[in-house]
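First the structure, in the form of structure tokens, and then the observations on it.
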Amino acid sequence: MVSLVKRAGSVSVPLLVVSACSSPLSALNPAGPAADAISILWWIFLIGAGVLTLFVMCLIAISFGGPRQVSERRWTVGLGVGFSLVILSGLLVSGIAVGERLLPKEDAIVVHAHARQWSWTFSQPGPGGVWVETERDLHIPAGQPVDVRVTSGDVIHSFWVPRLAGKIDAIPGRENVLRIEADRPGIYEGRCAEFCGLGYSGHRFRVIAHSLDDWPESIPLIPAEEAE
Amino acid sequence: MTVTPQGSDTDQNASSQTAANLPQPALRLHWELDRVWRNDRGLRGQLRAVNHSTVGLRFMCTSLIFFGIGGILAMLIRTQLATREGAFLDTELYNQIFTMHGTIMMFLFAIPMLEGLAMYLLPKMLGTRDMAFPRLSSFGYWCFLFGGLILLVAMFAGVAPRDGWFMYTPLSSSAYSPGINADVWLLGVTFVEISALAAAVEITVTILRMRAPGMKLTDMPLFVWYILGAAAMMLAGFPPLIAGSVLLEMERAFDWPFFDPERGGDPLLWQHLFWLFGHPEVYIIFLPAAGVISTIIPVLSRTRILGYGAIVASILGLVFLSFGLWVHHMFTVGIPHMALAFFSAASLLVAVPTAVQVFAWIGTMWKGRPQLQLPMLYILGFFFTFVMGGLTGVMLAIVPFNWQVHDTAFVTAHLHYVLIGGFVFPMMAGLTYWLPMITGRQRIKGIGELAFWTILIGFHGTFFIMHLTGLIGMPRRIDVYPDNPEWGLLNLVSSVFGFIMTIGFALFALGAILQAWLGKRTARDPWKAPTLDWAMALPPPSYNFASLPGPAITGMEDAGKAALPLARGEGMLPGAPRGRREVLVTSVGEARMEHVAILPSNTAVPLFLAAAVGVFVLLMLFGLYHAALVSLMPVLWLVWRWARNMVSQSAIPPVHVAPGVLLPVHYDCPNTLTSTGLRCFLFANGTFFASLVFGLAFLSLVSPGPPPPEPAGTFAARAVIIMFGLLALVLASVVPGRLLQKVPSRAVTGRLVLFSLAANLITLLAAGGLALWQMEDPTVHARGAVQAALLGYVCLHVFISGVFSAFVLDQNRRGEVSADRLGALRHWKLWQAFTMAIAVLSSAVIFAQGVSI
């Protein structure tokens, strides 16, 4: 506690933000195309929201200058409807465009992620149709899209690797698909992101992306077209 | 504004031609009215109180106490999260605490607070003496209090709900939440929601039917428009939650698998029902707050509101739009992307009416000369906070961004910006604005300002950086984060500022208490406000107005000027010369005077009824289902007492409300407050029914689960029983309509009503036969379970129809039914028709399902 307070004094705020962004679960530290696209959205949102907040605060500050002649239409229709619709339409289009781009479309390697209270089991097809299971660690090739088919064995969980992509829920009775891709080999932290009871805080997993050269021998690798 | 009725020649409204009543000594009028309207003395009097000022204040005070408790829970959460290892609470307790924090703030603070404010202010703003159904106000309060106490006691006993305030299944199903924790939530919150529905009904009726004569809908103060919008949303928004809670409780209690994917149920059905309520809920909370803002800004800017019409239009827009965007809480459950795009667009669109209001408010400030008094400070706090919360809300409506930050601390930050910015700041503005009215005293200078700055700094210090905490990966609802040192400092900062904010709220409470205790007497109408709530002595007398504001309310310039003539009895219906609680009832659109309603006086029946319902809830909670069924007998008996309480034994002569204006008393009128109230309730009830049908459709058409088993019995037998039951119900339903056309002799009436009662009972027997021999076992598959739930719902309504007919039978026996005194006949007919409609629709749905396999 004391050391934390000391650190609070010594670490300057920009440094704090930079170090925070590079954390292993940070959506602002993207390492794949989906997370990358979303983080760009965020920085645009941040700038836009900052400008808009400043704009509104200025309008309010000016109002203290004394009574003025005001046009009702300019405020309600002009600013209220027109101005906001223009901004919102732009947002909607960009949102849908990015969302469409992140959807699973062309073939990809298919793996399964099965969540339980409180563990993750991953499985991928091996040679001869044998499924190979791994606990807690999901191995994927770097630089290739991977479709994760997410299921649950008990309550609702959510599969989330912030540096690679957004999240998708694991819902009993359903199978949901999330496309992830890691640009480079590395270890990417993942965790359950839907409250699932007592073990929720520690309900974590890892995605390990390998280059094809040093692919672990214990894990079979099947190209997308053969797996289908 | 003036109350001297000086109707113009062109005005078609007959009531505006009336002359003023003669002035009387104000003090004598006060004694006369206070004797009739005040609460009885002592503790007994408090328990019997039904007066809207008393009950409204009670709602507000109790909800503020719950706000304090919820705040303490928040501090426990912040203490736990201040350090990585958080060795302060164990996980089980932590889960209970964050669940209770959310539940208390939503259901025991925000909703009751706005109900209380509306209940306290509406009759004063509308120019009348009480709410439409004073006993219902009181009943709602006791339900709120008892339900809240059940939740609190459970928390202190260590069995509080622990599945998060939105109680997602299957985590909240009996398999993963054994014990009574989840039942406490489902039953306790549903108990509290009775008060929300009761408030919604009586608020709607009060606004539609009890406005001062001549106050057209389009003349209403904006606050009233906002409350009307919120009440309408409550009527449509709470039934899905109640339906979902009832279904989940039945799954937990009787193993009916509505949400179990192994047996054809679907966990997503709960999410749909919950958010069908949960998103409108946000606007239900925001609308009254926006009403407060629309009231205060023009008064403290010494001008009129800019864009009244545009604001009313955006209220209506919000009411409708907010029911079309619940799915934005479910962007990560695997719904197809194009469907998400639709809900994303709807979620963005809802920002437009909000923007219209924000800019209308700022425009109003430009137009006037804003004064930086304390309420205005809180309004500035609202602007600063809410604009940012709205902008993060817009971000969350963008699907891909939502995929990243959903269920992280970013969402926690956003929702606190919206709820504290959009509700708590405006409510504090409202409290500082209306406390001189409530207490009759001026505030102590300085404390309020100090509280404001402490809260503002504490709030933003806590939640602004929490956006970042979420973006760098911290989910909501975790209790420790040993592997993520990078979250530590951010959380510590949030915790420190959280405590600062709490100190601010304590200062606010201190200021309010000191004001009520030590403040100097305030002058009448201290803000020079235009609305009628200030046209009275402060604090307001039990009856509000010694005489009611007349039809000549044209503008809304200065309420203070109207106070004196009203107190001298120059308005309508002066005093209480007949020793009864009398108010005017007006028409919905134009507010023409229709009749005089006699309101019930102090009574303990609402308290007893709430206690009886509480016994039922507790028995359900402890799994004593047979005893729970028996405990409905006292409930029924008290409802009967309640209804008998206001039956008139003999004819009551019409009343002079002003020279030349003679109005009948409500017993002799077709379109009473009760009729409007029953219609409002049936609207909410219809939404409940629609939620059940939605559930059935969702499970059959969308859910992936296993197919249902072959139904028991044969199609032909099922058809025969259903048609027989419907036929009996038709016969039962014909009777009240026939009697309303022309009431025959007492003996014939008695025989007809008895026939209808028997027909209702036969319908119940047919339904019982259907359940025994022709329906699937409801525990086998979700489809059978929903069908059984529908059948049970219809049976309940047939049973109540039977009770209605029995009540009319009893009235007829006592000689209270005749051609010009129809008793409960009209309401019975309405209920019986509703029952008929849902029975036919349910049968059609069940048949359609039988055919589809």
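Convention: chains lettered A, B, ... in structure tokens order; per-chain residue numbering from 1; ligands numbered from 1 as shown.
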Considering only C-alpha atoms, return as a count of residues only whatever protein or nucleic-acid residues lie within 12 Å of region 90-96 of chain B, sequence-local ones (same chain, fewer than 2 positions apart) excluded. 53
If DSSP is run on the backbone, what residues of region 330-367 of chain B are helix (DSSP H, G or I)? A reply as number ranges by chain would be ideal. B: 337-349, 351-367
Could those selected residues go to a file with N, CA and C atoms, as a tab-separated table (two decimals), in the first residue's frame?
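Final file, part-v9.tsv:
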```tsv
chain	number	residue	atom	x	y	z
B	337	HIS	N	-24.62	-10.13	-37.28
B	337	HIS	CA	-24.11	-8.77	-37.27
B	337	HIS	C	-25.08	-7.76	-37.85
B	338	MET	N	-25.85	-8.14	-38.88
B	338	MET	CA	-26.76	-7.16	-39.47
B	338	MET	C	-27.90	-6.81	-38.51
B	339	ALA	N	-28.33	-7.81	-37.73
B	339	ALA	CA	-29.34	-7.50	-36.70
B	339	ALA	C	-28.74	-6.55	-35.67
B	340	LEU	N	-27.48	-6.78	-35.33
B	340	LEU	CA	-26.81	-5.87	-34.39
B	340	LEU	C	-26.76	-4.47	-34.96
B	341	ALA	N	-26.51	-4.38	-36.28
B	341	ALA	CA	-26.41	-3.05	-36.90
B	341	ALA	C	-27.71	-2.29	-36.73
B	342	PHE	N	-28.83	-3.01	-36.82
B	342	PHE	CA	-30.13	-2.36	-36.62
B	342	PHE	C	-30.22	-1.76	-35.22
B	343	PHE	N	-29.87	-2.58	-34.22
B	343	PHE	CA	-29.97	-2.10	-32.85
B	343	PHE	C	-28.93	-1.02	-32.56
B	344	SER	N	-27.79	-1.13	-33.25
B	344	SER	CA	-26.78	-0.09	-33.11
B	344	SER	C	-27.34	1.24	-33.61
B	345	ALA	N	-28.01	1.19	-34.77
B	345	ALA	CA	-28.59	2.41	-35.33
B	345	ALA	C	-29.65	2.97	-34.39
B	346	ALA	N	-30.50	2.08	-33.84
B	346	ALA	CA	-31.54	2.55	-32.92
B	346	ALA	C	-30.91	3.19	-31.69
B	347	SER	N	-29.81	2.57	-31.22
B	347	SER	CA	-29.17	3.10	-30.02
B	347	SER	C	-28.57	4.46	-30.28
B	348	LEU	N	-28.08	4.66	-31.50
B	348	LEU	CA	-27.53	5.98	-31.83
B	348	LEU	C	-28.66	7.00	-32.00
B	349	LEU	N	-29.76	6.52	-32.61
B	349	LEU	CA	-30.87	7.42	-32.88
B	349	LEU	C	-31.43	8.01	-31.59
B	351	ALA	N	-29.93	9.03	-29.22
B	351	ALA	CA	-29.14	10.19	-28.79
B	351	ALA	C	-29.71	11.48	-29.35
B	352	VAL	N	-30.51	11.39	-30.43
B	352	VAL	CA	-31.01	12.63	-31.05
B	352	VAL	C	-31.99	13.37	-30.13
B	353	PRO	N	-33.06	12.70	-29.64
B	353	PRO	CA	-33.94	13.45	-28.72
B	353	PRO	C	-33.19	13.95	-27.48
B	354	THR	N	-32.22	13.17	-27.02
B	354	THR	CA	-31.45	13.64	-25.87
B	354	THR	C	-30.69	14.91	-26.22
B	355	ALA	N	-30.10	14.92	-27.43
B	355	ALA	CA	-29.36	16.12	-27.86
B	355	ALA	C	-30.31	17.31	-27.98
B	356	VAL	N	-31.53	17.06	-28.50
B	356	VAL	CA	-32.49	18.15	-28.64
B	356	VAL	C	-32.73	18.80	-27.28
B	357	GLN	N	-32.91	17.96	-26.25
B	357	GLN	CA	-33.16	18.52	-24.92
B	357	GLN	C	-31.95	19.29	-24.40
B	358	VAL	N	-30.78	18.69	-24.54
B	358	VAL	CA	-29.58	19.36	-24.02
B	358	VAL	C	-29.42	20.73	-24.67
B	359	PHE	N	-29.61	20.78	-25.99
B	359	PHE	CA	-29.42	22.07	-26.67
B	359	PHE	C	-30.55	23.04	-26.35
B	360	ALA	N	-31.78	22.49	-26.13
B	360	ALA	CA	-32.86	23.40	-25.73
B	360	ALA	C	-32.55	24.01	-24.36
B	361	TRP	N	-31.97	23.22	-23.47
B	361	TRP	CA	-31.63	23.76	-22.15
B	361	TRP	C	-30.54	24.83	-22.25
B	362	ILE	N	-29.52	24.52	-23.05
B	362	ILE	CA	-28.45	25.52	-23.18
B	362	ILE	C	-28.99	26.77	-23.86
B	363	GLY	N	-29.84	26.58	-24.87
B	363	GLY	CA	-30.45	27.72	-25.55
B	363	GLY	C	-31.26	28.56	-24.58
B	364	THR	N	-31.97	27.89	-23.64
B	364	THR	CA	-32.72	28.62	-22.63
B	364	THR	C	-31.79	29.49	-21.79
B	365	MET	N	-30.63	28.93	-21.47
B	365	MET	CA	-29.68	29.71	-20.67
B	365	MET	C	-29.14	30.90	-21.47
B	366	TRP	N	-28.97	30.71	-22.78
B	366	TRP	CA	-28.54	31.83	-23.62
B	366	TRP	C	-29.60	32.93	-23.63
B	367	LYS	N	-30.87	32.46	-23.70
B	367	LYS	CA	-31.97	33.39	-23.82
B	367	LYS	C	-32.13	34.21	-22.55
```
I'd like the contact shell of Val585 (chain B) - 9 Å cut-off, only C-alpha atoms, skipping same-chain residues fewer than 2 positions apart - returned as a list in words.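 Everything that qualifies: Arg209, Met210, Arg211, Ala212, Pro213, Val583, Ser587, Ala591, Arg592, Met593, Glu594, His595, Val596, Ala597, His666, Thr672 and Leu673 of chain B.
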Any chance you could export the current selection's N, CA, C and O atoms as a compact mmCIF listing (two decimals), in the first residue's frame?
```
# COMPACT_ATOMS: atom_id res chain seq x y z
N ARG B 209 -56.23 12.99 -15.55
CA ARG B 209 -57.59 13.30 -15.14
C ARG B 209 -57.72 14.32 -14.02
O ARG B 209 -58.84 14.66 -13.63
N MET B 210 -56.63 14.77 -13.43
CA MET B 210 -56.77 15.64 -12.27
C MET B 210 -56.09 16.99 -12.44
O MET B 210 -55.77 17.66 -11.46
N ARG B 211 -55.87 17.40 -13.68
CA ARG B 211 -55.26 18.71 -13.89
C ARG B 211 -56.28 19.81 -13.59
O ARG B 211 -57.49 19.60 -13.72
N ALA B 212 -55.76 20.95 -13.20
CA ALA B 212 -56.64 22.08 -12.95
C ALA B 212 -57.48 22.33 -14.20
O ALA B 212 -56.98 22.23 -15.31
N PRO B 213 -58.78 22.66 -14.01
CA PRO B 213 -59.63 22.90 -15.17
C PRO B 213 -58.98 23.93 -16.10
O PRO B 213 -58.50 24.96 -15.63
N VAL B 583 -62.00 16.34 -4.74
CA VAL B 583 -61.14 16.91 -5.78
C VAL B 583 -61.92 16.97 -7.08
O VAL B 583 -62.96 16.33 -7.22
N SER B 587 -61.31 16.28 -18.01
CA SER B 587 -61.17 15.43 -19.19
C SER B 587 -59.70 15.37 -19.61
O SER B 587 -58.91 16.24 -19.27
N ALA B 591 -58.93 19.22 -20.33
CA ALA B 591 -59.11 19.45 -18.89
C ALA B 591 -60.41 20.20 -18.61
O ALA B 591 -60.44 21.18 -17.87
N ARG B 592 -61.53 19.74 -19.21
CA ARG B 592 -62.85 20.28 -18.83
C ARG B 592 -63.28 19.60 -17.54
O ARG B 592 -63.04 18.40 -17.36
N MET B 593 -63.99 20.34 -16.70
CA MET B 593 -64.47 19.74 -15.47
C MET B 593 -65.50 18.68 -15.78
O MET B 593 -66.43 18.90 -16.57
N GLU B 594 -65.37 17.50 -15.20
CA GLU B 594 -66.33 16.43 -15.44
C GLU B 594 -67.14 16.09 -14.19
O GLU B 594 -68.36 16.03 -14.24
N HIS B 595 -66.44 15.81 -13.11
CA HIS B 595 -67.18 15.54 -11.88
C HIS B 595 -66.27 15.75 -10.68
O HIS B 595 -65.09 16.08 -10.83
N VAL B 596 -66.87 15.58 -9.51
CA VAL B 596 -66.11 15.68 -8.27
C VAL B 596 -65.84 14.28 -7.76
O VAL B 596 -66.76 13.45 -7.71
N ALA B 597 -64.58 13.98 -7.45
CA ALA B 597 -64.27 12.67 -6.90
C ALA B 597 -64.09 12.80 -5.40
O ALA B 597 -63.48 13.75 -4.92
N HIS B 666 -68.53 11.30 -8.17
CA HIS B 666 -68.04 10.28 -9.09
C HIS B 666 -68.86 9.00 -9.10
O HIS B 666 -68.84 8.27 -10.08
N THR B 672 -64.81 7.32 -14.40
CA THR B 672 -64.20 7.73 -13.14
C THR B 672 -62.68 7.57 -13.19
O THR B 672 -62.13 7.01 -14.13
N LEU B 673 -62.04 8.05 -12.13
CA LEU B 673 -60.61 7.84 -11.98
C LEU B 673 -60.30 6.34 -11.99
O LEU B 673 -59.33 5.88 -12.61
```
If you measure from CA of Ala728 (chain B) to CA of Trp773 (chain B), what distance in Å do you get, rounded to one decimal? 19.2 Å
Considering only C-alpha atoms, return as a list in words whatever protein or nucleic-acid residues lie within 10 Å of Asp34 (chain B), sequence-local ones (same chain, fewer than 4 positions apart) excluded.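 Neighbouring residues, sequence-local ones excluded: Arg28, Leu29, His30, Arg38, Asn39, Pro541, Ser542, Tyr543, Asn544, Ala546, Gly575 and Ala576 of chain B.
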Run DSSP on the backbone and tell me which residues of region 50-210 of chain A come out as strand (DSSP E or B); list them as a VMD selection string. chain A and resid 109 to 116 119 to 125 131 to 135 137 to 141 146 to 152 157 to 160 167 to 170 176 to 180 186 to 192 204 to 210
Just the residues within 8 Å of Glu262 (chain B), please, counting only C-alpha atoms, with nothing from its chain fewer than 3 positions along; format it as a PyMOL selection string. (chain A and resi 173) or (chain B and resi 265+705-706)
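Counting only C-alpha atoms, every residue of chain A that comes within 6 Å of chain B is listed here: A:Ala20, A:Cys21, A:Leu25, A:Ser26, A:Ala27, A:Ile38, A:Ser63, A:Phe64, A:Gly66, A:Pro67, A:Arg68, A:Val70, A:Glu72, A:Trp75, A:Thr76, A:Gly80, A:Val81, A:Gly95, A:Gly99, A:Val155, A:Gly166, A:Lys167, A:Ile168, A:Asp169, A:Gly173, A:Asn176, A:Ser201.
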